[in-house]
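These notes concern the structure reproduced below.
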Amino acid sequence: MPDGPGIQAMGFLDDLRSGMTDTDLMKKYKLTARGLGSVFRHLIDEKSVRLAEIVRRFRHRSDLPELIAEFRTRPRIEPSVALPIFESTRPENRGVISDLTEQGMGVRGLEAQVDDIKTLVVPVQEFFDISPILLQVICTWRGDDEAEPAVTAGFRVVDVLKGSLMELCRLVRAVSSK
């Protein structure tokens with residue numbers, strides 16, 4: 001189990017298996033939804049629980065905590081070059097893509113709040129012979145205090161407005177493997 005205030009492996013597992021709801025687990029162990037997802041992933045990684053045991057807790061896949069729903073079903077690509085990204089309506093709000101899948105990305109430096117919907121531009125023409133990619137995204141997590149601009153944030157792609165995210169993933173994979 002992750003070391004954290006109030007998290008004790010056996011107590012958490014007992015509560016989980018007793019049928020305690022996610023809301024109750026989060027309250028008792030002082031976890032955010034993202035923190036709960038992290039604990040679930042850690043338990044799965046440590047083979048303390050099976051993924052199926054966690055998935056059974058939810059009626060629909062869309063109800064799964066974000067970190068479990070993405071449980072590495074999509075390989076993450078970490079670009080070996082700094083890929084810039086910026087908000088289309090506020091080009092000064094810039095960041096760098098830290099990891100990428102066909103469904104989303106992690107970004108460092110771009111100001112965002114959880115549940116923000118943004119149109120982001122990936123100016124890939126600086127690196128590749130393709131047009132910029134425009135994505136409509138929703139911020140699903142932040143890696144810092146909500147009161148400050150995001151140091152890191154995760155975005156799920158809602159729509160690809162221009163270009164191809166899959167093509168970007170292929171290109172990044174090719175460049176990163178060199």
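If you're wondering about the labels, chains in the structure tokens are A, B, ... by order shown, residues count from 1 in each chain, ligands from 1 in order shown.
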Discussion item. Show me, as an MDAnalysis selection string, the residues that have an atom within 6 Å of Val114 in chain A when counting only C-alpha atoms, minus same-chain residues fewer than 3 positions from it.
Written reply: chainID A and resid 139:141
Item to complete: For CA of Asp14 in chain A and CA of Arg34 in chain A, quote the distance in Å rounded to one decimal.
Response: 20.5 Å
Practice prompt. Find the spatial neighbours of Ile130 in chain A, counting only C-alpha atoms, within a cut-off of 10 Å - ignore same-chain residues fewer than 3 positions away - and output them as a PyMOL selection string.
Written response: chain A and resi 123-127+133+163-164+167-168
Worksheet item: Per DSSP on the backbone, what are the helix (DSSP H, G or I) residues of range 25-167 of chain A, as a count of residues only?
Response: 35
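The coordinates place CA of Val121 in chain A at 9.0 Å from CA of Gln136 in chain A.
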Worksheet item: Could you state the separation of CA of Lys162 in chain A and CA of Gly95 in chain A in Å, given to one decimal place?
Response: 19.2 Å
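When only C-alpha atoms are used to compute distances to Cys169 in chain A, the closest of the residues A:Gln103, A:Asn93, A:Ser18, A:Ser88 turns out to be A:Gln103.
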